[in-house]
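J.: Got a structure for you, questions after.
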Amino acid sequence: MSTVEFPDQQWSKILRFLRSCPDLYVGAEADCRRFVEGVLWMARSGAQWRLLPETYGRWNTVYRRFARWCEKGIWERMHHHFVDDPDMEHLIIDSTIVRAHPCAAGAPKKRAASKPASGGPQPGRVQHQNPHQRGRPGQPFAL
């Protein structure tokens, strides 16, 4: 997925909002912009944090800052602040835009360890008898 960059007009609105939050330290403008663009990239791509491109910073640093902002409710406040601004539709993310990770979309899981080693019946499954077999189940057929 390509990188995400805000136009300067949109970024100035975001920065103005962030600076109006009393419980938030914005820091250097360029670093903050790179961080917010990285979070938007993550939300749009559906990728794991470890796959965040280096252009947005170290993935763990971005993740920790993202988590702190979540705890403070910054993202929710930002969403409510810009929801009616048509120029900020690029920022507003909902379930129609966000991609789910393949494992969340029903992709088959690798379960090599769950197969029984003996080749016997699996727990929780019904074992049907062979109607052509005489005697008890599991015993060899004898004439």
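The chains in the structure tokens are called A, B, ... from first to last as shown; in each chain the residues are counted from 1, and the ligands are counted from 1 in the order shown.
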Might you pull out every residue within 12 Å of stretch 21-26 of chain A, with only C-alpha atoms counted and same-chain residues fewer than 3 positions away left off, and present them as a PyMOL selection string?
T.: chain A and resi 14-18+29-36+65+68-75+77-78+81
J.: Those same residues, written as a compact mmCIF listing (two decimals), in the first residue's frame with C-alpha atoms?
T.:
```txt
# COMPACT_ATOMS: atom_id res chain seq x y z
CA ILE A 14 -5.67 18.43 12.70
CA LEU A 15 -2.81 20.24 14.41
CA ARG A 16 -5.13 23.00 15.62
CA PHE A 17 -7.44 20.37 17.11
CA LEU A 18 -4.56 18.47 18.76
CA GLU A 29 4.98 19.25 14.47
CA ALA A 30 6.82 17.17 11.86
CA ASP A 31 7.05 14.15 14.19
CA CYS A 32 3.40 14.43 15.15
CA ARG A 33 2.36 14.64 11.51
CA ARG A 34 4.42 11.57 10.65
CA PHE A 35 2.84 9.70 13.57
CA VAL A 36 -0.77 10.57 12.64
CA ARG A 65 1.92 6.53 21.29
CA ARG A 68 -1.66 6.29 24.90
CA TRP A 69 -3.88 8.42 22.67
CA CYS A 70 -6.52 5.67 22.73
CA GLU A 71 -6.49 5.63 26.53
CA LYS A 72 -6.98 9.40 26.59
CA GLY A 73 -9.80 9.25 24.03
CA ILE A 74 -7.97 11.49 21.53
CA TRP A 75 -9.02 9.48 18.46
CA ARG A 77 -12.66 13.18 20.16
CA MET A 78 -10.94 13.81 16.82
CA HIS A 81 -14.70 16.97 15.95
```
J.: What separation in Å, quoted to one decimal, exists between atom CA of A:Glu5 and atom CA of A:Met88?
T.: 12.9 Å
J.: Determine, counting only C-alpha atoms, which protein, DNA and RNA residues have an atom within 8 Å of an atom of stretch 52-63 of chain A; residues of the same chain fewer than 2 positions away are not included. Present the result as a ChimeraX atom specification.
T.: /A:34-35,37-39,41-42,47-50,65-67
J.: Where in stretch 6-103 of chain A does DSSP assign helix (DSSP H, G or I), given as JSON, numbers by chain?
T.: {"A": [8, 9, 10, 11, 12, 13, 14, 15, 16, 17, 18, 19, 20, 29, 30, 31, 32, 33, 34, 35, 36, 37, 38, 39, 40, 41, 42, 43, 44, 45, 49, 50, 51, 54, 55, 56, 59, 60, 61, 62, 63, 64, 65, 66, 67, 68, 69, 70, 71, 72, 74, 75, 76, 77, 78, 79, 80, 81, 82, 86, 87, 88, 102, 103]}
J.: Just to be explicit: take each residue in the selection above, keep C-alpha atoms, and write the result as a short mmCIF file (atom, residue, chain, number, x, y, z; two decimals), in the first residue's frame.
T.:
```
data_model
loop_
_atom_site.label_atom_id
_atom_site.label_comp_id
_atom_site.auth_asym_id
_atom_site.auth_seq_id
_atom_site.Cartn_x
_atom_site.Cartn_y
_atom_site.Cartn_z
CA ASP A 8 -1.19 20.98 4.34
CA GLN A 9 -4.69 22.45 4.75
CA GLN A 10 -5.97 19.26 6.39
CA TRP A 11 -2.91 18.90 8.57
CA SER A 12 -3.29 22.46 9.88
CA LYS A 13 -6.86 21.63 11.00
CA ILE A 14 -5.67 18.43 12.70
CA LEU A 15 -2.81 20.24 14.41
CA ARG A 16 -5.13 23.00 15.62
CA PHE A 17 -7.44 20.37 17.11
CA LEU A 18 -4.56 18.47 18.76
CA ARG A 19 -3.15 21.62 20.33
CA SER A 20 -6.58 22.44 21.74
CA GLU A 29 4.98 19.25 14.47
CA ALA A 30 6.82 17.17 11.86
CA ASP A 31 7.05 14.15 14.19
CA CYS A 32 3.40 14.43 15.15
CA ARG A 33 2.36 14.64 11.51
CA ARG A 34 4.42 11.57 10.65
CA PHE A 35 2.84 9.70 13.57
CA VAL A 36 -0.77 10.57 12.64
CA GLU A 37 -0.12 9.64 9.00
CA GLY A 38 1.37 6.34 10.18
CA VAL A 39 -1.71 5.56 12.24
CA LEU A 40 -3.91 6.36 9.26
CA TRP A 41 -1.76 4.05 7.11
CA MET A 42 -2.22 1.28 9.69
CA ALA A 43 -5.98 1.73 9.80
CA ARG A 44 -6.37 1.76 6.04
CA SER A 45 -4.00 -1.14 5.32
CA TRP A 49 2.10 -3.01 13.54
CA ARG A 50 5.42 -4.67 12.72
CA LEU A 51 4.77 -4.05 9.03
CA GLU A 54 9.96 2.99 8.43
CA THR A 55 8.95 6.34 6.91
CA TYR A 56 6.44 6.68 9.77
CA TRP A 59 6.61 0.58 14.72
CA ASN A 60 6.80 0.04 18.47
CA THR A 61 7.15 3.76 19.17
CA VAL A 62 4.18 4.54 16.93
CA TYR A 63 2.14 1.79 18.56
CA ARG A 64 2.86 2.94 22.12
CA ARG A 65 1.92 6.53 21.29
CA PHE A 66 -1.23 5.28 19.52
CA ALA A 67 -2.18 3.27 22.62
CA ARG A 68 -1.66 6.29 24.90
CA TRP A 69 -3.88 8.42 22.67
CA CYS A 70 -6.52 5.67 22.73
CA GLU A 71 -6.49 5.63 26.53
CA LYS A 72 -6.98 9.40 26.59
CA ILE A 74 -7.97 11.49 21.53
CA TRP A 75 -9.02 9.48 18.46
CA GLU A 76 -12.67 9.44 19.47
CA ARG A 77 -12.66 13.18 20.16
CA MET A 78 -10.94 13.81 16.82
CA HIS A 79 -13.54 11.72 15.02
CA HIS A 80 -16.41 13.65 16.64
CA HIS A 81 -14.70 16.97 15.95
CA PHE A 82 -14.21 16.36 12.22
CA PRO A 86 -16.38 17.63 4.38
CA ASP A 87 -12.72 18.57 3.89
CA MET A 88 -11.70 15.99 6.50
CA PRO A 102 -6.66 -12.21 6.86
CA CYS A 103 -7.05 -14.22 10.08
#
```
